[in-house]
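To be precise, the following lines are final.txt, and they hold compact mmCIF, C-alpha atoms.
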# COMPACT_ATOMS: atom_id res chain seq x y z
CA MET B 1491 0.00 0.00 0.00
CA ALA B 1492 1.23 3.52 -0.81
CA VAL B 1493 1.31 6.65 1.33
CA ASP B 1494 -0.76 9.72 0.44
CA VAL B 1495 0.49 13.19 1.37
CA LEU B 1496 -1.52 16.26 2.32
CA LEU B 1497 0.20 19.65 2.53
CA GLY B 1498 -0.25 23.39 2.13
CA LEU B 1499 0.67 25.22 -1.06
CA GLN B 1500 0.87 28.78 0.27
CA TRP B 1501 2.33 30.42 3.41
CA GLY B 1502 0.47 28.10 5.77
CA ASP B 1503 -2.99 28.56 7.32
CA GLU B 1504 -4.63 26.98 4.27
CA GLY B 1505 -7.04 24.79 6.26
CA LYS B 1506 -5.10 21.51 6.25
CA GLY B 1507 -6.47 20.38 9.60
CA LYS B 1508 -10.06 20.45 8.39
CA ILE B 1509 -9.25 18.42 5.28
CA VAL B 1510 -7.26 15.80 7.22
CA ASP B 1511 -10.27 15.50 9.52
CA VAL B 1512 -12.60 15.13 6.52
CA LEU B 1513 -10.37 12.54 4.80
CA THR B 1514 -9.47 10.55 7.91
CA ARG B 1515 -12.29 8.05 7.45
CA LYS B 1516 -10.37 6.77 4.39
CA TYR B 1517 -7.19 6.08 6.38
CA ASP B 1518 -5.93 3.80 9.12
CA ILE B 1519 -2.99 6.03 10.08
CA ILE B 1520 -2.46 9.80 10.10
CA ALA B 1521 1.21 10.78 10.50
CA ARG B 1522 2.65 14.28 11.03
CA PHE B 1523 6.01 14.54 9.29
CA GLN B 1524 7.49 17.96 10.18
CA GLY B 1525 7.07 21.18 12.10
CA GLY B 1526 6.09 21.55 15.71
CA PRO B 1527 3.93 23.74 17.97
CA ASN B 1528 4.33 26.64 15.55
CA ALA B 1529 1.58 24.93 13.53
CA GLY B 1530 -2.08 25.53 14.23
CA HIS B 1531 -4.52 23.12 12.58
CA THR B 1532 -8.12 24.17 13.22
CA LEU B 1533 -10.95 21.63 13.10
CA GLU B 1534 -14.61 22.53 13.54
CA PHE B 1535 -17.52 20.14 13.90
CA GLU B 1536 -20.76 19.92 15.88
CA GLY B 1537 -20.45 23.62 16.65
CA LYS B 1538 -17.10 23.31 18.43
CA LYS B 1539 -13.69 24.56 17.33
CA HIS B 1540 -10.54 22.54 18.08
CA VAL B 1541 -6.98 23.77 17.46
CA LEU B 1542 -4.17 21.21 17.22
CA HIS B 1543 -0.50 22.18 17.25
CA THR B 1544 1.63 19.02 17.34
CA ILE B 1545 -0.89 16.19 17.40
CA PRO B 1546 -2.11 14.84 14.02
CA SER B 1547 -5.56 16.00 12.88
CA GLY B 1548 -7.08 12.50 12.77
CA VAL B 1549 -7.13 12.22 16.53
CA PHE B 1550 -10.91 12.65 16.86
CA HIS B 1551 -11.65 9.50 14.87
CA LYS B 1552 -11.97 6.16 16.62
CA GLY B 1553 -9.88 3.34 15.23
CA VAL B 1554 -7.36 5.71 13.58
CA THR B 1555 -3.74 5.68 14.74
CA ASN B 1556 -2.04 9.08 14.91
CA VAL B 1557 1.76 9.15 14.65
CA VAL B 1558 4.04 12.07 15.52
CA GLY B 1559 6.91 11.35 13.12
CA ASN B 1560 10.65 11.76 13.46
CA GLY B 1561 10.62 15.03 11.47
CA VAL B 1562 8.50 16.77 14.10
CA VAL B 1563 9.94 18.80 16.99
CA ILE B 1564 8.10 18.50 20.31
CA ASP B 1565 7.79 20.92 23.20
CA PRO B 1566 6.80 18.60 26.08
CA VAL B 1567 4.98 21.37 27.95
CA ILE B 1568 2.84 22.41 24.97
CA PHE B 1569 2.33 18.77 24.02
CA LYS B 1570 1.05 17.87 27.49
CA GLY B 1571 -1.23 20.92 27.56
CA GLU B 1572 -2.66 19.98 24.18
CA LEU B 1573 -3.31 16.42 25.32
CA ASP B 1574 -4.90 17.54 28.58
CA LYS B 1575 -7.48 19.56 26.64
CA LEU B 1576 -8.10 16.73 24.19
CA ILE B 1577 -8.59 14.12 26.90
CA GLU B 1578 -11.40 16.25 28.39
CA GLN B 1579 -13.30 15.79 25.12
CA GLU B 1580 -11.89 12.46 23.92
CA PRO B 1581 -10.92 10.24 26.90
CA GLU B 1582 -9.54 7.54 24.57
CA VAL B 1583 -7.18 9.87 22.73
CA LEU B 1584 -4.00 8.36 24.20
CA SER B 1585 -4.85 4.95 22.77
CA ARG B 1586 -4.73 6.50 19.28
CA LEU B 1587 -1.39 8.30 19.66
CA LYS B 1588 2.19 7.15 19.01
CA ILE B 1589 5.37 9.25 19.17
CA SER B 1590 8.60 8.60 17.28
CA ARG B 1591 11.72 8.09 19.36
CA LYS B 1592 13.61 10.11 16.76
CA ALA B 1593 11.48 13.25 17.08
CA HIS B 1594 13.56 16.08 18.54
CA LEU B 1595 12.78 17.86 21.80
CA ILE B 1596 12.38 21.62 22.24
CA LEU B 1597 14.17 22.64 25.43
CA PRO B 1598 13.36 25.74 27.52
CA SER B 1599 16.72 27.15 26.42
CA HIS B 1600 15.70 26.72 22.77
CA ARG B 1601 12.75 29.03 23.40
CA LEU B 1602 15.01 31.55 25.12
CA LEU B 1603 17.44 31.52 22.20
CA ASP B 1604 14.56 32.01 19.77
CA ALA B 1605 13.22 35.02 21.68
CA ALA B 1606 16.66 36.58 22.18
CA SER B 1607 17.62 36.18 18.54
CA GLU B 1608 14.34 37.58 17.21
CA ALA B 1609 14.46 40.58 19.57
CA ALA B 1610 18.02 41.38 18.50
CA LYS B 1611 17.00 41.52 14.82
CA GLY B 1612 14.71 44.51 15.35
CA LYS B 1613 13.10 45.53 12.05
CA LYS B 1614 14.80 42.63 10.28
CA LYS B 1615 12.97 40.00 12.35
CA ILE B 1616 11.56 37.04 10.39
CA GLY B 1617 8.27 36.75 12.29
CA SER B 1618 9.14 33.72 14.42
CA THR B 1619 6.39 32.24 16.60
CA LEU B 1620 9.02 32.19 19.40
CA LYS B 1621 8.32 28.51 20.10
CA GLY B 1622 12.01 27.50 19.87
CA ILE B 1623 11.51 25.73 16.55
CA GLY B 1624 14.47 27.27 14.71
CA PRO B 1625 17.08 26.68 17.44
CA THR B 1626 15.85 23.09 17.84
CA TYR B 1627 16.29 22.33 14.14
CA MET B 1628 19.70 24.05 14.28
CA ASP B 1629 20.78 21.65 17.02
CA LYS B 1630 19.34 18.77 15.01
CA THR B 1631 21.41 19.59 11.92
CA GLY B 1632 24.36 20.50 14.14
CA ARG B 1633 24.18 17.00 15.68
CA ASN B 1634 23.67 18.37 19.18
CA GLY B 1635 19.95 17.77 19.65
CA LEU B 1636 18.02 15.71 22.17
CA ARG B 1637 15.41 13.27 20.93
CA VAL B 1638 12.37 11.69 22.53
CA GLY B 1639 14.20 8.37 22.80
CA ASP B 1640 16.87 10.04 24.95
CA ILE B 1641 14.41 10.53 27.82
CA GLN B 1642 14.36 6.72 28.22
CA LEU B 1643 18.16 6.58 28.72
CA GLU B 1644 19.88 6.58 32.10
CA ASN B 1645 22.24 9.39 31.10
CA PHE B 1646 19.45 11.75 29.98
CA PRO B 1647 20.23 14.33 32.73
CA GLU B 1648 23.83 14.47 31.55
CA LEU B 1649 22.77 14.89 27.92
CA TYR B 1650 20.37 17.65 28.90
CA ASN B 1651 22.91 19.56 30.99
CA THR B 1652 25.54 19.40 28.25
CA LEU B 1653 23.20 20.98 25.70
CA VAL B 1654 21.87 23.63 28.08
CA THR B 1655 25.41 24.64 29.05
CA LYS B 1656 26.08 25.28 25.37
CA HIS B 1657 22.89 27.35 25.11
CA MET B 1658 23.81 29.43 28.16
CA GLN B 1659 27.08 30.35 26.48
CA LEU B 1660 25.17 31.46 23.38
CA LEU B 1661 22.77 33.56 25.47
CA LYS B 1662 25.71 35.54 26.80
CA GLY B 1663 25.82 37.09 23.35
CA TYR B 1664 22.53 38.86 24.18
CA PRO B 1665 23.48 40.85 27.33
CA ASP B 1666 20.22 42.84 27.39
CA PHE B 1667 18.03 39.75 27.27
CA GLU B 1668 16.63 38.75 30.68
CA TYR B 1669 15.38 35.26 31.52
CA ASN B 1670 14.78 32.71 34.29
CA ILE B 1671 15.47 29.23 32.95
CA GLU B 1672 14.97 27.55 36.33
CA GLU B 1673 11.32 28.60 36.35
CA LEU B 1674 10.82 27.23 32.84
CA GLU B 1675 12.54 23.95 33.69
CA LYS B 1676 10.03 23.04 36.44
CA ALA B 1677 7.15 22.64 34.01
CA TRP B 1678 9.44 21.14 31.35
CA PHE B 1679 10.73 18.27 33.48
CA ALA B 1680 7.22 17.55 34.77
CA ALA B 1681 6.10 17.28 31.14
CA ILE B 1682 9.07 15.01 30.36
CA ASP B 1683 7.87 12.64 33.11
CA TYR B 1684 4.43 12.67 31.49
CA LEU B 1685 5.92 12.07 28.04
CA ARG B 1686 7.63 8.91 29.33
CA THR B 1687 4.19 7.40 30.07
CA LEU B 1688 3.04 7.71 26.45
CA ASP B 1689 3.41 5.23 23.59
CA ILE B 1690 6.92 5.97 22.30
CA ILE B 1691 7.83 3.85 19.28
CA ASP B 1692 10.42 3.21 16.59
CA SER B 1693 8.26 4.90 13.98
CA GLU B 1694 10.03 3.82 10.78
CA PRO B 1695 9.45 0.05 11.20
CA PHE B 1696 5.92 0.83 12.41
CA VAL B 1697 5.18 2.71 9.17
CA HIS B 1698 6.97 0.14 6.98
CA ASN B 1699 5.04 -2.73 8.54
CA ALA B 1700 1.79 -0.84 8.07
CA ILE B 1701 2.58 -0.40 4.37
CA ARG B 1702 3.32 -4.13 4.02
CA GLU B 1703 0.08 -4.98 5.78
CA GLY B 1704 -1.89 -2.87 3.32
CA ARG B 1705 -2.96 -0.25 5.85
CA THR B 1706 -3.82 3.18 4.46
CA ILE B 1707 -1.59 6.09 5.54
CA LEU B 1708 -1.98 9.85 5.16
CA ALA B 1709 1.12 11.99 5.82
CA GLU B 1710 0.08 15.37 7.22
CA GLY B 1711 2.27 18.43 6.67
CA ALA B 1712 2.38 21.66 8.64
CA GLN B 1713 2.93 25.29 7.55
CA GLY B 1714 3.05 25.65 3.74
CA THR B 1715 5.25 25.16 0.69
CA LEU B 1716 6.23 28.84 0.48
CA LEU B 1717 7.69 28.50 4.01
CA ASP B 1718 9.94 25.56 3.10
CA ILE B 1719 13.53 26.06 4.29
CA ASP B 1720 14.87 25.31 0.79
CA PHE B 1721 12.09 26.40 -1.56
CA GLY B 1722 10.23 29.08 0.36
CA THR B 1723 10.69 32.86 0.44
CA TYR B 1724 14.01 32.62 2.26
CA PRO B 1725 14.96 33.85 4.85
CA PHE B 1726 11.32 34.42 5.85
CA VAL B 1727 10.66 30.70 6.14
CA THR B 1728 10.28 27.97 8.73
CA SER B 1729 13.12 25.60 9.67
CA SER B 1730 11.88 22.37 8.11
CA ASN B 1731 10.97 20.91 4.72
CA THR B 1732 7.25 21.55 4.35
CA THR B 1733 7.12 19.98 0.88
CA CYS B 1734 6.31 16.43 -0.21
CA ALA B 1735 9.99 15.50 0.09
CA GLY B 1736 9.69 16.26 3.81
CA ALA B 1737 7.24 13.37 4.15
CA CYS B 1738 10.02 11.00 3.06
CA THR B 1739 12.63 12.30 5.51
CA GLY B 1740 10.08 13.05 8.25
CA LEU B 1741 8.62 9.53 8.30
CA GLY B 1742 11.29 7.34 6.72
CA VAL B 1743 9.14 6.67 3.65
CA ALA B 1744 10.80 5.98 0.28
CA PRO B 1745 9.82 8.34 -2.59
CA ASN B 1746 8.35 5.47 -4.62
CA ARG B 1747 5.88 4.84 -1.80
CA ILE B 1748 4.17 8.21 -2.33
CA LYS B 1749 0.96 8.02 -4.36
CA ASN B 1750 -1.59 10.83 -4.11
CA VAL B 1751 -0.46 14.33 -3.16
CA TYR B 1752 -3.28 16.58 -1.97
CA GLY B 1753 -2.46 20.28 -2.26
CA ILE B 1754 -4.47 22.64 -0.07
CA PHE B 1755 -4.85 26.33 -0.97
CA LYS B 1756 -7.14 29.22 -0.14
CA ALA B 1757 -9.29 30.93 -2.76
CA TYR B 1758 -7.14 33.96 -1.89
CA ILE B 1759 -3.82 34.00 -0.03
CA THR B 1760 -2.63 35.05 3.43
CA ARG B 1761 0.61 35.42 5.31
CA VAL B 1762 1.47 35.82 9.01
CA GLY B 1763 4.53 37.78 10.07
CA SER B 1764 7.25 39.29 7.94
CA GLY B 1765 8.31 38.50 4.39
CA PRO B 1766 7.49 39.36 0.77
CA PHE B 1767 3.89 39.17 -0.43
CA PRO B 1768 3.43 40.41 -4.04
CA THR B 1769 -0.39 40.35 -4.13
CA GLU B 1770 -0.99 41.77 -0.64
CA LEU B 1771 -3.98 44.12 -0.32
CA PHE B 1772 -3.58 47.33 1.66
CA ASN B 1773 -7.13 48.59 1.15
CA SER B 1774 -10.68 48.04 2.37
CA THR B 1775 -10.97 44.86 0.28
CA GLY B 1776 -8.06 43.33 2.17
CA GLU B 1777 -9.67 44.38 5.45
CA LEU B 1778 -12.99 42.85 4.36
CA ILE B 1779 -11.34 39.52 3.46
CA GLN B 1780 -9.51 39.52 6.79
CA ALA B 1781 -12.75 40.17 8.69
CA GLN B 1782 -14.93 37.70 6.75
CA GLY B 1783 -12.23 35.02 6.87
CA HIS B 1784 -11.46 35.55 10.58
CA GLU B 1785 -7.85 35.74 9.51
CA PHE B 1786 -5.98 35.59 12.78
CA GLY B 1787 -3.24 33.05 13.51
CA ALA B 1788 -4.41 29.90 15.31
CA THR B 1789 -1.05 29.70 17.13
CA THR B 1790 -0.08 33.34 17.66
CA GLY B 1791 -3.36 35.25 17.31
CA ARG B 1792 -1.58 37.69 15.00
CA PRO B 1793 -3.67 39.19 12.16
CA ARG B 1794 -2.93 37.62 8.81
CA ARG B 1795 -2.00 39.75 5.83
CA CYS B 1796 -4.46 39.12 2.97
CA GLY B 1797 -4.14 39.29 -0.80
CA TRP B 1798 -5.39 37.96 -4.13
CA LEU B 1799 -4.61 34.46 -5.34
CA ASP B 1800 -1.09 34.19 -6.80
CA LEU B 1801 -1.04 31.63 -9.65
CA PRO B 1802 2.72 31.71 -10.41
CA ALA B 1803 3.35 30.86 -6.75
CA LEU B 1804 0.63 28.20 -6.81
CA LYS B 1805 2.06 26.57 -9.96
CA TYR B 1806 5.50 26.59 -8.36
CA ALA B 1807 4.16 24.80 -5.28
CA ILE B 1808 2.29 22.27 -7.43
CA ASP B 1809 5.44 21.42 -9.39
CA ILE B 1810 7.68 21.08 -6.34
CA ASN B 1811 5.25 18.74 -4.61
CA GLY B 1812 3.95 16.75 -7.57
CA VAL B 1813 0.38 17.62 -6.58
CA THR B 1814 -2.23 15.27 -8.03
CA GLU B 1815 -5.37 16.92 -6.60
CA LEU B 1816 -6.17 20.44 -5.43
CA MET B 1817 -8.50 21.35 -2.60
CA MET B 1818 -9.70 24.96 -2.38
CA MET B 1819 -10.51 26.43 1.01
CA LYS B 1820 -12.45 29.48 2.23
CA SER B 1821 -14.27 30.09 -1.04
CA ASP B 1822 -17.17 31.53 0.95
CA VAL B 1823 -14.99 34.37 2.23
CA LEU B 1824 -14.87 35.98 -1.23
CA SER B 1825 -18.66 36.33 -1.42
CA GLY B 1826 -19.55 40.01 -1.71
CA VAL B 1827 -16.03 41.41 -2.06
CA GLY B 1828 -16.71 42.62 -5.61
CA ASN B 1829 -14.78 41.66 -8.71
CA ILE B 1830 -11.83 39.37 -8.08
CA GLN B 1831 -8.26 39.85 -9.21
CA VAL B 1832 -6.02 36.85 -9.94
CA CYS B 1833 -2.27 37.26 -10.34
CA THR B 1834 -1.26 35.39 -13.52
CA ALA B 1835 2.30 36.71 -14.02
CA TYR B 1836 4.88 39.14 -12.64
CA ARG B 1837 6.72 42.07 -14.14
CA TYR B 1838 10.20 41.39 -12.77
CA LYS B 1839 13.06 43.80 -13.50
CA GLY B 1840 11.09 45.03 -16.50
CA GLU B 1841 10.45 41.54 -17.90
CA VAL B 1842 7.15 39.61 -17.79
CA ILE B 1843 7.64 36.20 -16.16
CA GLU B 1844 5.26 33.44 -15.06
CA HIS B 1845 7.47 31.76 -12.48
CA LEU B 1846 8.53 32.53 -8.94
CA PRO B 1847 11.80 34.51 -9.14
CA TYR B 1848 14.76 34.23 -6.79
CA LYS B 1849 13.74 37.34 -4.85
CA LEU B 1850 10.23 38.72 -4.33
CA GLN B 1851 11.31 42.17 -3.13
CA ASP B 1852 8.72 44.92 -3.59
CA ASP B 1853 11.09 47.13 -5.58
CA LEU B 1854 11.79 44.35 -8.09
CA ILE B 1855 8.41 42.80 -8.76
CA ASP B 1856 4.90 43.89 -9.75
CA PRO B 1857 2.04 41.38 -10.06
CA ILE B 1858 0.04 41.30 -13.29
CA PHE B 1859 -3.66 40.67 -12.63
CA THR B 1860 -6.60 39.23 -14.55
CA GLU B 1861 -9.97 40.54 -13.36
CA MET B 1862 -12.92 38.20 -12.97
CA LEU B 1863 -16.55 38.66 -11.95
CA GLY B 1864 -17.16 38.10 -8.27
CA TRP B 1865 -20.28 36.69 -6.63
CA THR B 1866 -22.61 37.81 -3.88
CA GLU B 1867 -24.34 34.52 -3.11
CA ASP B 1868 -23.83 32.88 0.30
CA LEU B 1869 -21.93 29.65 -0.39
CA THR B 1870 -22.04 28.35 3.18
CA GLN B 1871 -25.40 26.60 2.82
CA MET B 1872 -24.64 24.97 -0.53
CA THR B 1873 -24.29 21.20 -0.61
CA ASN B 1874 -23.23 20.46 -4.19
CA GLU B 1875 -21.38 22.25 -6.98
CA ASP B 1876 -24.49 22.58 -9.15
CA GLN B 1877 -25.63 25.27 -6.71
CA PHE B 1878 -22.51 27.38 -7.24
CA PRO B 1879 -23.05 30.75 -8.96
CA ASP B 1880 -21.75 30.88 -12.54
CA SER B 1881 -19.00 33.39 -11.67
CA PHE B 1882 -17.68 31.08 -8.97
CA LYS B 1883 -17.74 28.13 -11.37
CA ALA B 1884 -15.78 30.27 -13.83
CA TYR B 1885 -13.24 31.11 -11.12
CA ILE B 1886 -12.68 27.40 -10.40
CA ALA B 1887 -12.41 26.56 -14.10
CA PHE B 1888 -9.93 29.39 -14.68
CA ILE B 1889 -7.64 28.17 -11.89
CA GLU B 1890 -7.79 24.57 -13.11
CA LYS B 1891 -6.92 25.61 -16.66
CA GLU B 1892 -4.00 27.79 -15.53
CA VAL B 1893 -2.37 25.23 -13.21
CA GLY B 1894 -3.32 21.99 -14.99
CA VAL B 1895 -4.48 20.12 -11.88
CA PRO B 1896 -8.12 19.37 -10.95
CA ILE B 1897 -9.80 20.96 -7.93
CA THR B 1898 -11.56 17.94 -6.42
CA LEU B 1899 -12.79 19.51 -3.19
CA VAL B 1900 -14.18 22.93 -2.32
CA SER B 1901 -14.68 24.15 1.24
CA VAL B 1902 -17.59 26.57 1.76
CA GLY B 1903 -17.31 27.03 5.52
CA PRO B 1904 -15.33 26.00 8.60
CA ASP B 1905 -17.39 22.99 9.64
CA ARG B 1906 -16.41 19.55 8.34
CA ALA B 1907 -19.94 19.28 6.88
CA GLN B 1908 -19.34 22.37 4.73
CA THR B 1909 -17.17 20.43 2.29
CA ILE B 1910 -18.14 19.72 -1.32
CA LEU B 1911 -16.52 16.94 -3.33
CA ARG B 1912 -16.52 17.70 -7.05
CA ASN B 1913 -17.05 15.25 -9.90
Represent the structure of the file as structure tokens.
Amino acid sequence: MAVDVLLGLQWGDEGKGKIVDVLTRKYDIIARFQGGPNAGHTLEFEGKKHVLHTIPSGVFHKGVTNVVGNGVVIDPVIFKGELDKLIEQEPEVLSRLKISRKAHLILPSHRLLDAASEAAKGKKKIGSTLKGIGPTYMDKTGRNGLRVGDIQLENFPELYNTLVTKHMQLLKGYPDFEYNIEELEKAWFAAIDYLRTLDIIDSEPFVHNAIREGRTILAEGAQGTLLDIDFGTYPFVTSSNTTCAGACTGLGVAPNRIKNVYGIFKAYITRVGSGPFPTELFNSTGELIQAQGHEFGATTGRPRRCGWLDLPALKYAIDINGVTELMMMKSDVLSGVGNIQVCTAYRYKGEVIEHLPYKLQDDLIDPIFTEMLGWTEDLTQMTNEDQFPDSFKAYIAFIEKEVGVPITLVSVGPDRAQTILRN
């Protein structure tokens, strides 16, 4: 059996959590393959909203195993807090959860380093969520990191102290930064004790055996393609590979095991924090989209910058990931915003191009738009695509023609029931 991959094609916040939740009934295993508590996957059903940060989005389904893969970084304190809230609603949640021994741990000192570094950058800050993600991945690639499996070793205290000593030396480079690591460590070590009680596994053989047994697996990504450390809008990116290739390294899955790649995108585009954004709206239309879409970060609460759909960026993400099916989110948000602009090319250094250039700086690039008729109808109560207004059908058809990949699912609201599968 092959592995399917679901990931975001923009700067994150595309609605991946909802779609994983919708698709979970087709799968035996949902596996997160990268990122950490900087992610915020929002699920809504039966009138309740649930936000997941580290735990896979299939956790509300009975009989489905949820795996936190080796490519994920875990903050034990946040992880425990997330589980505590889940257990109140789903008492059996722990029986559905497995954690890779090779997943790296976020230490209190990682969070301090993240905050100190971001504060020192001033206006050049990258918009970090200050969760310690970047410093943790730096220690991972620097071969200094601590992994979940280390907490089961007798010399774990020694390993911890060695790494923290190194971090304390680095923090001396920020003399104006004040902190109290001892206070942070109390909650952290209590959460480590809790983590030891959970189902910690060698995740690669678990996944390989599941494939051999014919079990269905969905690999769930976090953030979005344009935040990928290699292929995103560097340096305003996250610290992991958010693309399809990240599913291979983040779960130990061979490339020839990947089958379907589901690409999630919004009918418009948003971004949280700093970084280039060619189609960003600085007018009342942008404010209207932000208000109607409730565009505030699920993890940070920060308002999201809003703009028109960027097709060169979308095509780029489709090509990098080998997307086989597209799923369009938040279509209902564009109802009543007037005529819609779609970016179909850029004017870059005086030349018209249709690909994502090396740099997206404002002084180098101008988006070229195609205008389309908008729609005023409320999409949220629609249950099949035949009910869509003609202008919305034209919008879908235009995107499909431009990118060459079918849109097989359209979301018309936040609830899992507000999901329309297209023929």
So that each row is one residue of region 1703-1818 of chain B with an atom at most 12 Å from region 1571-1593 of chain B, can you give its shortest atom pair and the distance in Å to one decimal, using only C-alpha atoms, rows by chain and rising number, as a Markdown table?
| residue | atom | partner | partner_atom | distance |
| --- | --- | --- | --- | --- |
| B:Thr1739 | CA | B:Lys1592 | CA | 11.5 |
| B:Gly1740 | CA | B:Ala1593 | CA | 8.9 |
| B:Leu1741 | CA | B:Ser1590 | CA | 9.0 |
| B:Gly1742 | CA | B:Lys1592 | CA | 10.7 |
**Report entry** Selection: 10 Å around Pro1625 (chain B), all atoms listed in the file, excl. self and same-chain fewer than 3 positions, as number ranges by chain
**Finding:** B: 1596-1597, 1599-1604, 1607, 1620-1622, 1628-1631, 1635, 1657, 1729
**Report entry** CA of Gln1713 (chain B) to CA of Tyr1627 (chain B), distance in Å rounded to a single decimal
**Finding:** 15.2 Å
**Report entry** Counting only C-alpha atoms, the option among B:Ile1682, B:Ile1690, B:Ala1606, B:Ile1568 closest to Glu1668 (chain B)
**Finding:**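 Among B:Ile1682, B:Ile1690, B:Ala1606, B:Ile1568, it is B:Ala1606 that comes nearest to Glu1668 (chain B).
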Report task. Select, counting only C-alpha atoms, all protein, DNA and RNA residues no farther than 7 Å from (3.3, 5.5, 3.9) in file coordinates, and express the selection as JSON, numbers by chain. Result -> {"B": [1492, 1493, 1494, 1697, 1701, 1707, 1708, 1743, 1747, 1748]}
Requested in this report: With a distance cut-off of 9 Å and all atoms listed in the file, select the neighbouring residues of region 1781-1783 of chain B, excluding the residue or stretch itself and same-chain residues fewer than 2 positions from it, and output the selection as a list in words.
Outcome: Gly1776, Glu1777, Leu1778, Ile1779, Glu1785, Phe1786, Lys1820, Asp1822, Val1823 and Leu1824 of chain B
Requested in this report: Return the single residue from B:Pro1725, B:Gly1639, B:Gly1826, B:Pro1566 that is closest to Pro1598 (chain B), with distances computed using all atoms listed in the file.
Outcome: B:Pro1566
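Proximity to Lys1805 (chain B) was assessed for B:Thr1733, B:Thr1866, B:Ser1821, B:Thr1834 counting all atoms listed in the file; the smallest distance is recorded for B:Thr1834.
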Query - Point-to-point distance in Å for CA of Ala1735 (chain B) and CA of Val1895 (chain B) - result: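 Interatomic distance here is 19.3 Å.
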Requested in this report: Rounded to one decimal place, report the CA of Val1557 (chain B)-CA of Glu1648 (chain B) distance in Å.
Outcome: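 So the two atoms, CA of Val1557 (chain B) and CA of Glu1648 (chain B), lie 28.3 Å apart.
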At most 10 Å is the cut-off: for each residue in region 1658-1774 of chain B with any atom that close to an atom of region 1854-1857 of chain B, write down the nearest atom pair and the distance in Å rounded to one decimal, counting only C-alpha atoms, chain first then increasing number, as JSON lines.
{"residue": "B:Pro1768", "atom": "CA", "partner": "B:Pro1857", "partner_atom": "CA", "distance": 6.3}
{"residue": "B:Thr1769", "atom": "CA", "partner": "B:Pro1857", "partner_atom": "CA", "distance": 6.5}
{"residue": "B:Glu1770", "atom": "CA", "partner": "B:Pro1857", "partner_atom": "CA", "distance": 9.9}
Please dump the current selection as a PDB file, keeping the file's coordinate frame; keep C-alpha atoms.
ATOM      1  CA  PRO B1768       3.430  40.410  -4.040  1.00  0.00           C
ATOM      2  CA  THR B1769      -0.390  40.350  -4.130  1.00  0.00           C
ATOM      3  CA  GLU B1770      -0.990  41.770  -0.640  1.00  0.00           C
TER       4      GLU B1770
END
Query - Using only C-alpha atoms: which of B:Thr1775, B:Ser1547, B:Gln1500, B:Asn1560 has the shortest distance to Ala1803 (chain B) - result: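 Nearest candidate to Ala1803 (chain B) out of B:Thr1775, B:Ser1547, B:Gln1500, B:Asn1560: B:Gln1500.
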